[in-house]
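Student: File query_0.txt below, compact mmCIF, C-alpha atoms and all ligand atoms:
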# COMPACT_ATOMS: atom_id res chain seq x y z
CA MET A 1 -8.95 -27.30 -16.69
CA VAL A 2 -10.91 -27.07 -13.43
CA TRP A 3 -7.65 -27.43 -11.46
CA TYR A 4 -6.04 -24.71 -13.55
CA VAL A 5 -8.89 -22.32 -12.73
CA ILE A 6 -8.67 -23.16 -9.00
CA LEU A 7 -4.90 -22.68 -8.97
CA TRP A 8 -5.17 -19.37 -10.83
CA ALA A 9 -7.81 -18.12 -8.39
CA ARG A 10 -5.48 -18.90 -5.45
CA MET A 11 -2.52 -17.14 -7.05
CA TRP A 12 -1.45 -13.74 -5.82
CA LYS A 13 -2.09 -10.96 -8.30
CA ALA A 14 -0.38 -7.60 -8.27
CA ILE A 15 -1.36 -4.51 -10.23
CA VAL A 16 1.32 -1.89 -10.75
CA ARG A 17 1.74 1.12 -13.00
CA GLU A 18 4.88 2.35 -14.71
CA THR A 19 6.34 5.59 -13.39
CA SER A 20 5.02 8.81 -14.89
CA PRO A 21 7.59 10.91 -16.80
CA ARG A 22 6.34 13.78 -14.57
CA PHE A 23 7.11 11.90 -11.33
CA ALA A 24 9.30 14.79 -10.12
CA GLU A 25 6.14 16.95 -9.89
CA CYS A 26 4.68 14.63 -7.22
CA GLU A 27 2.66 15.87 -4.26
CA LEU A 28 4.72 16.45 -1.10
CA THR A 29 3.38 16.98 2.41
CA HIS A 30 6.10 16.32 4.98
CA LYS A 31 9.27 16.18 2.92
CA PRO A 32 11.16 18.94 1.11
CA ARG A 33 11.38 18.60 -2.67
CA VAL A 34 14.69 17.07 -3.76
CA PRO A 35 15.66 16.03 -7.30
CA ILE A 36 14.22 12.68 -8.37
CA ASP A 37 16.25 10.60 -10.83
CA LEU A 38 13.55 9.37 -13.23
CA GLU A 39 15.71 6.71 -14.85
CA LEU A 40 16.69 5.35 -11.47
CA ALA A 41 13.05 5.43 -10.38
CA GLN A 42 12.11 3.37 -13.46
CA LYS A 43 14.94 0.91 -12.78
CA GLN A 44 13.86 0.56 -9.15
CA HIS A 45 10.31 -0.02 -10.33
CA ARG A 46 11.46 -2.90 -12.54
CA GLU A 47 13.34 -4.34 -9.56
CA TYR A 48 10.14 -4.01 -7.52
CA VAL A 49 8.15 -5.91 -10.17
CA ASP A 50 10.79 -8.68 -10.03
CA ALA A 51 10.39 -8.83 -6.25
CA LEU A 52 6.61 -9.16 -6.64
CA LYS A 53 7.19 -12.05 -9.04
CA ASN A 54 9.66 -13.64 -6.60
CA ALA A 55 6.99 -13.38 -3.94
CA GLY A 56 4.68 -15.41 -6.19
CA CYS A 57 2.58 -12.70 -7.85
CA GLU A 58 1.24 -12.63 -11.35
CA VAL A 59 1.90 -8.96 -12.19
CA THR A 60 -0.25 -6.71 -14.39
CA ILE A 61 1.71 -3.63 -15.46
CA LEU A 62 -0.39 -0.63 -16.47
CA PRO A 63 1.20 1.88 -18.84
CA ALA A 64 2.44 5.14 -17.34
CA GLU A 65 -0.10 7.96 -16.99
CA LYS A 66 1.88 10.77 -18.54
CA ASP A 67 0.05 13.64 -16.85
CA LEU A 68 -0.52 12.10 -13.42
CA PRO A 69 2.80 12.49 -11.56
CA ASP A 70 1.90 10.30 -8.55
CA SER A 71 0.09 7.57 -10.45
CA VAL A 72 2.81 4.96 -9.81
CA PHE A 73 1.33 4.84 -6.29
CA VAL A 74 -1.63 2.67 -7.28
CA GLU A 75 -2.31 1.66 -3.69
CA ASP A 76 -4.04 4.97 -3.02
CA ALA A 77 -6.74 4.43 -5.65
CA ALA A 78 -8.35 1.27 -4.25
CA ILE A 79 -8.67 -1.14 -1.34
CA VAL A 80 -9.01 -4.72 -2.55
CA LEU A 81 -10.44 -7.22 -0.09
CA ASP A 82 -11.62 -10.79 -0.65
CA GLU A 83 -15.25 -9.72 -0.86
CA LEU A 84 -15.10 -6.46 -2.85
CA ALA A 85 -12.91 -3.56 -3.96
CA VAL A 86 -13.44 -0.01 -2.78
CA ILE A 87 -12.45 2.64 -5.31
CA THR A 88 -11.25 5.60 -3.31
CA ARG A 89 -11.56 9.35 -3.76
CA PRO A 90 -7.97 10.51 -3.15
CA GLY A 91 -7.48 13.56 -0.95
CA ALA A 92 -5.12 15.38 -3.33
CA ASP A 93 -6.95 16.89 -6.32
CA SER A 94 -4.06 16.05 -8.67
CA ARG A 95 -4.60 12.36 -7.82
CA LYS A 96 -8.38 12.05 -8.21
CA PRO A 97 -8.23 11.00 -11.92
CA GLU A 98 -6.01 8.03 -11.04
CA THR A 99 -9.03 5.96 -9.99
CA LEU A 100 -10.49 5.69 -13.49
CA SER A 101 -8.00 3.19 -14.90
CA ILE A 102 -7.81 1.35 -11.59
CA SER A 103 -11.60 0.79 -11.62
CA ALA A 104 -11.27 -0.65 -15.12
CA VAL A 105 -8.45 -3.05 -14.26
CA LEU A 106 -10.17 -4.31 -11.09
CA THR A 107 -13.57 -4.88 -12.68
CA PRO A 108 -12.87 -8.49 -13.77
CA TYR A 109 -11.77 -9.42 -10.24
CA ARG A 110 -14.20 -7.83 -7.78
CA ASP A 111 -17.52 -6.06 -7.31
CA LEU A 112 -16.65 -2.39 -7.02
CA VAL A 113 -18.01 0.25 -4.65
CA HIS A 114 -16.94 3.89 -4.59
CA ILE A 115 -16.10 6.58 -2.05
CA HIS A 116 -18.27 9.53 -3.06
CA ALA A 117 -17.73 13.30 -2.88
CA PRO A 118 -17.27 15.34 -0.84
CA ASP A 119 -15.45 12.79 1.30
CA THR A 120 -11.92 11.62 0.63
CA LEU A 121 -9.90 8.53 1.41
CA ASP A 122 -6.45 7.33 0.25
CA GLY A 123 -5.68 3.61 0.11
CA GLY A 124 -2.39 4.35 1.88
CA ASP A 125 -4.41 5.19 4.99
CA ILE A 126 -5.82 1.69 5.28
CA THR A 127 -4.02 -1.05 7.20
CA VAL A 128 -5.86 -4.36 7.20
CA VAL A 129 -5.01 -6.99 9.81
CA GLY A 130 -7.36 -9.94 9.34
CA LYS A 131 -10.87 -8.62 9.85
CA HIS A 132 -9.60 -5.41 11.49
CA VAL A 133 -9.42 -2.39 9.22
CA PHE A 134 -7.51 0.59 10.62
CA VAL A 135 -8.16 3.90 8.87
CA GLY A 136 -5.74 6.79 9.24
CA ILE A 137 -7.42 10.13 9.64
CA SER A 138 -4.88 12.23 7.82
CA SER A 139 -4.49 15.17 5.49
CA ARG A 140 -5.88 12.82 2.76
CA THR A 141 -8.57 10.79 4.53
CA ASP A 142 -11.45 12.44 6.38
CA ALA A 143 -14.12 11.28 8.82
CA GLY A 144 -16.68 11.02 6.02
CA GLY A 145 -14.36 8.72 4.04
CA LEU A 146 -13.99 6.55 7.12
CA GLN A 147 -17.77 6.45 7.55
CA GLN A 148 -18.38 5.44 3.93
CA LEU A 149 -15.72 2.73 4.15
CA SER A 150 -17.30 1.43 7.36
CA SER A 151 -20.70 1.20 5.74
CA TYR A 152 -19.25 -0.90 2.89
CA LEU A 153 -17.13 -3.22 5.04
CA GLY A 154 -19.29 -3.62 8.17
CA PRO A 155 -21.75 -6.00 6.47
CA HIS A 156 -18.80 -8.26 5.53
CA GLY A 157 -17.77 -8.65 9.17
CA TYR A 158 -14.89 -6.13 9.25
CA ARG A 159 -14.28 -3.97 12.31
CA VAL A 160 -13.32 -0.52 11.06
CA LEU A 161 -11.46 1.84 13.39
CA GLY A 162 -10.24 5.40 12.75
CA LEU A 163 -6.84 6.45 14.07
CA PRO A 164 -5.17 9.85 13.92
CA VAL A 165 -1.97 9.92 11.85
CA THR A 166 0.71 12.37 12.90
CA GLY A 167 4.19 13.02 11.57
CA CYS A 168 3.78 11.12 8.30
CA LEU A 169 1.61 11.13 5.19
CA HIS A 170 -0.43 7.96 5.55
CA LEU A 171 -1.26 5.36 8.19
CA LYS A 172 0.71 2.80 6.17
CA SER A 173 3.81 4.99 6.51
CA ALA A 174 3.52 4.18 10.22
CA VAL A 175 2.09 0.66 10.46
CA THR A 176 1.65 -2.33 8.15
CA ALA A 177 0.73 -5.99 8.55
CA ILE A 178 3.70 -8.36 8.24
CA GLY A 179 1.93 -11.65 8.91
CA GLU A 180 -1.25 -13.14 10.39
CA GLY A 181 -1.90 -11.03 13.48
CA ARG A 182 1.52 -9.38 13.33
CA VAL A 183 2.33 -5.73 12.57
CA LEU A 184 5.37 -3.54 12.05
CA LEU A 185 4.97 -0.07 13.53
CA ASN A 186 6.61 3.21 14.41
CA ARG A 187 5.25 4.12 17.84
CA ASP A 188 5.95 7.85 17.32
CA TRP A 189 3.53 8.06 14.40
CA VAL A 190 0.63 5.87 15.51
CA ARG A 191 -0.99 4.84 18.81
CA ARG A 192 0.70 1.55 19.75
CA SER A 193 -2.14 0.52 22.07
CA ALA A 194 -4.57 0.33 19.13
CA PHE A 195 -2.61 -2.76 18.00
CA ALA A 196 -2.23 -4.33 21.45
CA GLU A 197 -4.01 -7.55 20.48
CA PHE A 198 -1.43 -8.25 17.75
CA GLU A 199 2.23 -9.20 17.86
CA ILE A 200 4.13 -5.94 17.36
CA VAL A 201 7.56 -5.45 15.82
CA GLU A 202 8.73 -1.87 16.30
CA THR A 203 10.85 0.03 13.82
CA ASP A 204 14.39 0.83 14.90
CA PRO A 205 14.40 4.33 16.44
CA SER A 206 17.03 5.46 13.92
CA GLU A 207 14.71 4.48 11.01
CA PRO A 208 11.42 6.35 11.46
CA GLU A 209 10.23 5.63 7.91
CA ALA A 210 10.69 1.87 8.29
CA GLY A 211 7.08 1.00 9.16
CA ASN A 212 6.08 0.32 5.57
CA ALA A 213 6.46 -3.33 4.52
CA LEU A 214 4.59 -5.29 1.86
CA TRP A 215 3.58 -8.72 3.15
CA ILE A 216 2.77 -11.36 0.53
CA GLY A 217 2.26 -14.94 1.70
CA ASP A 218 5.41 -16.02 3.51
CA LYS A 219 7.56 -13.06 2.41
CA VAL A 220 7.85 -9.33 2.98
CA ILE A 221 9.06 -6.88 0.30
CA TYR A 222 11.01 -4.19 2.08
CA SER A 223 13.16 -1.15 1.33
CA SER A 224 16.91 -1.70 1.63
CA SER A 225 17.13 1.74 3.29
CA PHE A 226 16.18 0.26 6.67
CA PRO A 227 18.79 -2.42 7.51
CA ARG A 228 18.30 -2.25 11.28
CA THR A 229 14.57 -2.80 11.11
CA ALA A 230 15.13 -5.49 8.46
CA ASP A 231 17.25 -7.33 11.06
CA ARG A 232 14.39 -7.05 13.53
CA LEU A 233 12.08 -8.62 10.94
CA ARG A 234 14.50 -11.46 10.29
CA ASP A 235 14.87 -11.99 14.05
CA VAL A 236 11.17 -12.90 14.25
CA GLY A 237 11.45 -15.24 11.26
CA VAL A 238 10.23 -13.00 8.46
CA GLU A 239 11.74 -13.66 5.02
CA VAL A 240 12.72 -10.21 3.71
CA LEU A 241 12.99 -9.45 -0.02
CA GLU A 242 14.91 -6.18 -0.17
CA VAL A 243 14.44 -3.62 -2.94
CA SER A 244 16.00 -0.21 -3.54
CA ALA A 245 13.28 2.39 -3.16
CA SER A 246 15.16 5.67 -2.75
CA GLU A 247 13.34 7.55 -5.50
CA CYS A 248 9.85 6.61 -4.29
CA ALA A 249 10.86 7.66 -0.79
CA LYS A 250 11.71 11.14 -2.11
CA ALA A 251 8.07 11.31 -3.28
CA GLU A 252 6.84 10.15 0.16
CA GLY A 253 6.02 6.66 -1.10
CA GLY A 254 7.01 3.27 0.24
CA VAL A 255 6.89 -0.34 -0.93
CA THR A 256 3.18 -0.90 -0.31
CA CYS A 257 2.24 2.20 -2.32
CA CYS A 258 3.32 0.86 -5.71
CA SER A 259 1.00 -2.14 -5.97
CA LEU A 260 -2.44 -3.53 -5.31
CA VAL A 261 -1.97 -7.14 -4.19
CA PHE A 262 -4.79 -9.66 -3.83
CA ARG A 263 -5.83 -13.19 -4.66
C1 LIG A 301 1.38 11.73 -2.50
O1 LIG A 301 1.68 12.68 -1.78
O2 LIG A 301 0.21 11.42 -2.71
C2 LIG A 301 2.49 10.94 -3.14
N1 LIG A 301 3.58 11.82 -3.42
C3 LIG A 301 2.93 9.82 -2.26
C4 LIG A 301 1.87 8.78 -2.06
C5 LIG A 301 2.38 7.57 -1.36
N2 LIG A 301 1.39 6.60 -1.25
C6 LIG A 301 1.19 5.83 -0.19
O3 LIG A 301 1.83 6.01 0.83
N3 LIG A 301 0.23 4.94 -0.25
Would you write the structure of this file as structure tokens?
Ligand code: CIR

Tutor:
Amino acid sequence: MVWYVILWARMWKAIVRETSPRFAECELTHKPRVPIDLELAQKQHREYVDALKNAGCEVTILPAEKDLPDSVFVEDAAIVLDELAVITRPGADSRKPETLSISAVLTPYRDLVHIHAPDTLDGGDITVVGKHVFVGISSRTDAGGLQQLSSYLGPHGYRVLGLPVTGCLHLKSAVTAIGEGRVLLNRDWVRRSAFAEFEIVETDPSEPEAGNALWIGDKVIYSSSFPRTADRLRDVGVEVLEVSASECAKAEGGVTCCSLVFR
């Protein structure tokens, strides 16, 4: 019994939410609105859940939130670290109610703290590399959100650094961790020098949106839309689990956006 509890505690957990039937009404900032195929989006989401399982996650699937078009992007509602979970206050008004159900599902796993009004912060703006927490200052995350996050994480030994995000929605559209001390980044969207102490893999210049990868243990879940950058990942020994993510991309989401992954 004791061993079972220890093994369970070490297991990766992933929280996802089924796609809203109103997904096509998603927020858009940088991309033009193009038709989203809801059935295909739902199929791709199931494929994504399978990839999470293949990467070793125990997956909790929340039911769709009918009236919250972007709620499949659970990443924006919380930041889950070993020590605590921070419930965010998303920058887009249509997304603020998404945090309610995410608080409830995280309660058994972590102590929760909250980003309070008037400040805002989206989980997609947070890239964690070890004890370094990079915070994108974007159209969704403001300086006050950064300050609140710093005050929560500083006492746990995290170094929190704000970085301007240009050209894309969130910091994680531009840079994500793909291993211990290793990042994948698009140098046109984020300051490369901020990551100088890490090993850097750059996105292929023909694939600007390729900076978003979901690292879980010894694997990376990655969109099949970026074959050139996927080759670069394989070249440095990363095991890539490819998923089709075309419909999320139309809503300005990537592979990290659709889950909260933690142990
Ligand atoms: C939004 O604009 O909020 C959504 N349409 C896309 C959010 C993607 N989330 C993420 O990158 N973490």

Student: Which residue gives the smallest distance to Asp119 in chain A among A:Ser224, A:Ser139, A:Ser103, A:Ser246, with all atoms listed in the file counted?

Tutor: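 Between A:Ser224, A:Ser139, A:Ser103, A:Ser246, the residue approaching Asp119 in chain A most closely is A:Ser139.
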
Student: Between CA of Ala77 in chain A and CA of Glu209 in chain A, what is the distance in Å, rounded to a tenth?

Tutor: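 We find that CA of Ala77 in chain A and CA of Glu209 in chain A lie 21.8 Å from each other.
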
Student: Just give me the gap between atom C3 of ligand LIG 301 (chain A) and CA of Gln147 in chain A in Å, one decimal is fine.

Tutor: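 So the answer is 23.2 Å.
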
Student: When you draw a straight line from CA of Glu58 in chain A to CA of Phe262 in chain A, how long is it in Å?

Tutor: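 Atom-to-atom, CA of Glu58 in chain A and CA of Phe262 in chain A are spaced 10.1 Å apart.
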
Student: Looking at only C-alpha atoms and all ligand atoms, which of A:Gly91, A:Pro208, A:Pro32, A:Gly162 is the one that sits closest to ligand LIG 301 (chain A)?

Tutor: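 Closest residue, counting only C-alpha atoms and all ligand atoms: A:Gly91.
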
Student: When distances are computed from only C-alpha atoms, which of A:Ala251, A:Ala14, A:Val80, A:Leu112 shows the smallest separation from Ala51 in chain A?

Tutor: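 Using only C-alpha atoms, Ala51 in chain A sits closest to A:Ala14.
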
Student: Give me, as JSON lines, each residue of chain A that comes within 10 Å of ligand LIG 301 (chain A), together with its shortest interatomic pair and the distance in Å at one decimal, counting all atoms listed in the file, with rows ordered by chain and rising residue number.

Tutor:
{"residue": "A:Phe23", "atom": "CA", "partner": "A:LIG301", "partner_atom": "N1", "distance": 8.7}
{"residue": "A:Ala24", "atom": "CA", "partner": "A:LIG301", "partner_atom": "N1", "distance": 9.3}
{"residue": "A:Glu25", "atom": "CA", "partner": "A:LIG301", "partner_atom": "N1", "distance": 8.6}
{"residue": "A:Cys26", "atom": "CA", "partner": "A:LIG301", "partner_atom": "N1", "distance": 4.9}
{"residue": "A:Glu27", "atom": "CA", "partner": "A:LIG301", "partner_atom": "O1", "distance": 4.2}
{"residue": "A:Leu28", "atom": "CA", "partner": "A:LIG301", "partner_atom": "O1", "distance": 4.9}
{"residue": "A:Thr29", "atom": "CA", "partner": "A:LIG301", "partner_atom": "O1", "distance": 6.2}
{"residue": "A:His30", "atom": "CA", "partner": "A:LIG301", "partner_atom": "O1", "distance": 8.9}
{"residue": "A:Lys31", "atom": "CA", "partner": "A:LIG301", "partner_atom": "N1", "distance": 9.6}
{"residue": "A:Pro69", "atom": "CA", "partner": "A:LIG301", "partner_atom": "N1", "distance": 8.2}
{"residue": "A:Asp70", "atom": "CA", "partner": "A:LIG301", "partner_atom": "C2", "distance": 5.5}
{"residue": "A:Ser71", "atom": "CA", "partner": "A:LIG301", "partner_atom": "C2", "distance": 8.4}
{"residue": "A:Val72", "atom": "CA", "partner": "A:LIG301", "partner_atom": "C4", "distance": 8.7}
{"residue": "A:Phe73", "atom": "CA", "partner": "A:LIG301", "partner_atom": "N2", "distance": 5.3}
{"residue": "A:Val74", "atom": "CA", "partner": "A:LIG301", "partner_atom": "N3", "distance": 7.6}
{"residue": "A:Glu75", "atom": "CA", "partner": "A:LIG301", "partner_atom": "N3", "distance": 5.4}
{"residue": "A:Asp76", "atom": "CA", "partner": "A:LIG301", "partner_atom": "N3", "distance": 5.1}
{"residue": "A:Ala77", "atom": "CA", "partner": "A:LIG301", "partner_atom": "N3", "distance": 8.8}
{"residue": "A:Pro90", "atom": "CA", "partner": "A:LIG301", "partner_atom": "O2", "distance": 8.2}
{"residue": "A:Gly91", "atom": "CA", "partner": "A:LIG301", "partner_atom": "O2", "distance": 8.2}
{"residue": "A:Ala92", "atom": "CA", "partner": "A:LIG301", "partner_atom": "O2", "distance": 6.7}
{"residue": "A:Asp93", "atom": "CA", "partner": "A:LIG301", "partner_atom": "O2", "distance": 9.7}
{"residue": "A:Ser94", "atom": "CA", "partner": "A:LIG301", "partner_atom": "O2", "distance": 8.7}
{"residue": "A:Arg95", "atom": "CA", "partner": "A:LIG301", "partner_atom": "O2", "distance": 7.1}
{"residue": "A:Asp122", "atom": "CA", "partner": "A:LIG301", "partner_atom": "N3", "distance": 7.1}
{"residue": "A:Gly123", "atom": "CA", "partner": "A:LIG301", "partner_atom": "N3", "distance": 6.1}
{"residue": "A:Gly124", "atom": "CA", "partner": "A:LIG301", "partner_atom": "N3", "distance": 3.4}
{"residue": "A:Asp125", "atom": "CA", "partner": "A:LIG301", "partner_atom": "N3", "distance": 7.0}
{"residue": "A:Ile126", "atom": "CA", "partner": "A:LIG301", "partner_atom": "N3", "distance": 8.8}
{"residue": "A:Ser139", "atom": "CA", "partner": "A:LIG301", "partner_atom": "O1", "distance": 9.9}
{"residue": "A:Arg140", "atom": "CA", "partner": "A:LIG301", "partner_atom": "O2", "distance": 8.3}
{"residue": "A:Cys168", "atom": "CA", "partner": "A:LIG301", "partner_atom": "O3", "distance": 9.3}
{"residue": "A:Leu169", "atom": "CA", "partner": "A:LIG301", "partner_atom": "O3", "distance": 6.7}
{"residue": "A:His170", "atom": "CA", "partner": "A:LIG301", "partner_atom": "O3", "distance": 5.6}
{"residue": "A:Leu171", "atom": "CA", "partner": "A:LIG301", "partner_atom": "O3", "distance": 8.0}
{"residue": "A:Lys172", "atom": "CA", "partner": "A:LIG301", "partner_atom": "O3", "distance": 6.3}
{"residue": "A:Ser173", "atom": "CA", "partner": "A:LIG301", "partner_atom": "O3", "distance": 6.1}
{"residue": "A:Ala174", "atom": "CA", "partner": "A:LIG301", "partner_atom": "O3", "distance": 9.7}
{"residue": "A:Asn212", "atom": "CA", "partner": "A:LIG301", "partner_atom": "O3", "distance": 8.5}
{"residue": "A:Cys248", "atom": "CA", "partner": "A:LIG301", "partner_atom": "C3", "distance": 7.9}
{"residue": "A:Ala249", "atom": "CA", "partner": "A:LIG301", "partner_atom": "C3", "distance": 8.3}
{"residue": "A:Lys250", "atom": "CA", "partner": "A:LIG301", "partner_atom": "N1", "distance": 8.3}
{"residue": "A:Ala251", "atom": "CA", "partner": "A:LIG301", "partner_atom": "N1", "distance": 4.5}
{"residue": "A:Glu252", "atom": "CA", "partner": "A:LIG301", "partner_atom": "C3", "distance": 4.6}
{"residue": "A:Gly253", "atom": "CA", "partner": "A:LIG301", "partner_atom": "C5", "distance": 3.8}
{"residue": "A:Gly254", "atom": "CA", "partner": "A:LIG301", "partner_atom": "O3", "distance": 5.9}
{"residue": "A:Val255", "atom": "CA", "partner": "A:LIG301", "partner_atom": "O3", "distance": 8.3}
{"residue": "A:Thr256", "atom": "CA", "partner": "A:LIG301", "partner_atom": "N3", "distance": 6.5}
{"residue": "A:Cys257", "atom": "CA", "partner": "A:LIG301", "partner_atom": "N3", "distance": 4.0}
{"residue": "A:Cys258", "atom": "CA", "partner": "A:LIG301", "partner_atom": "N3", "distance": 7.5}
{"residue": "A:Ser259", "atom": "CA", "partner": "A:LIG301", "partner_atom": "N3", "distance": 9.1}

Student: Mind checking which residues fall within 12 Å of Lys53 in chain A, counting only C-alpha atoms, ignoring those fewer than 3 positions away in the same chain, and posting them as an NGL selection string?

Tutor: :A and (11-16 or 46-50 or 56-61 or 216 or 219 or 221 or 241 or 261)

Student: Point out the residue among A:Gly157, A:Gly179, A:Gly144, A:Gly217 with the least atom-to-atom distance to Ala55 in chain A, counting all atoms listed in the file.

Tutor: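 Ranked by minimum distance to Ala55 in chain A, first place goes to A:Gly217.
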
Student: When you look at Ser206 in chain A with a cut-off of 9 Å (counting all atoms listed in the file), what residues show up, excluding the ones that are within fewer than 2 positions of it in the same chain? I need them as a list in words.

Tutor: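 Residues near the query, excluding close chain neighbours: Thr203, Asp204, Pro208, Phe226 and Arg228 of chain A.
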
Student: May I ask which of the residues A:Val183, A:Ala196, A:Ala245, A:Ile137 is the closest one to Leu233 in chain A, counting all atoms listed in the file?

Tutor: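 Looking only at the distances to Leu233 in chain A, the closest residue turns out to be A:Val183.
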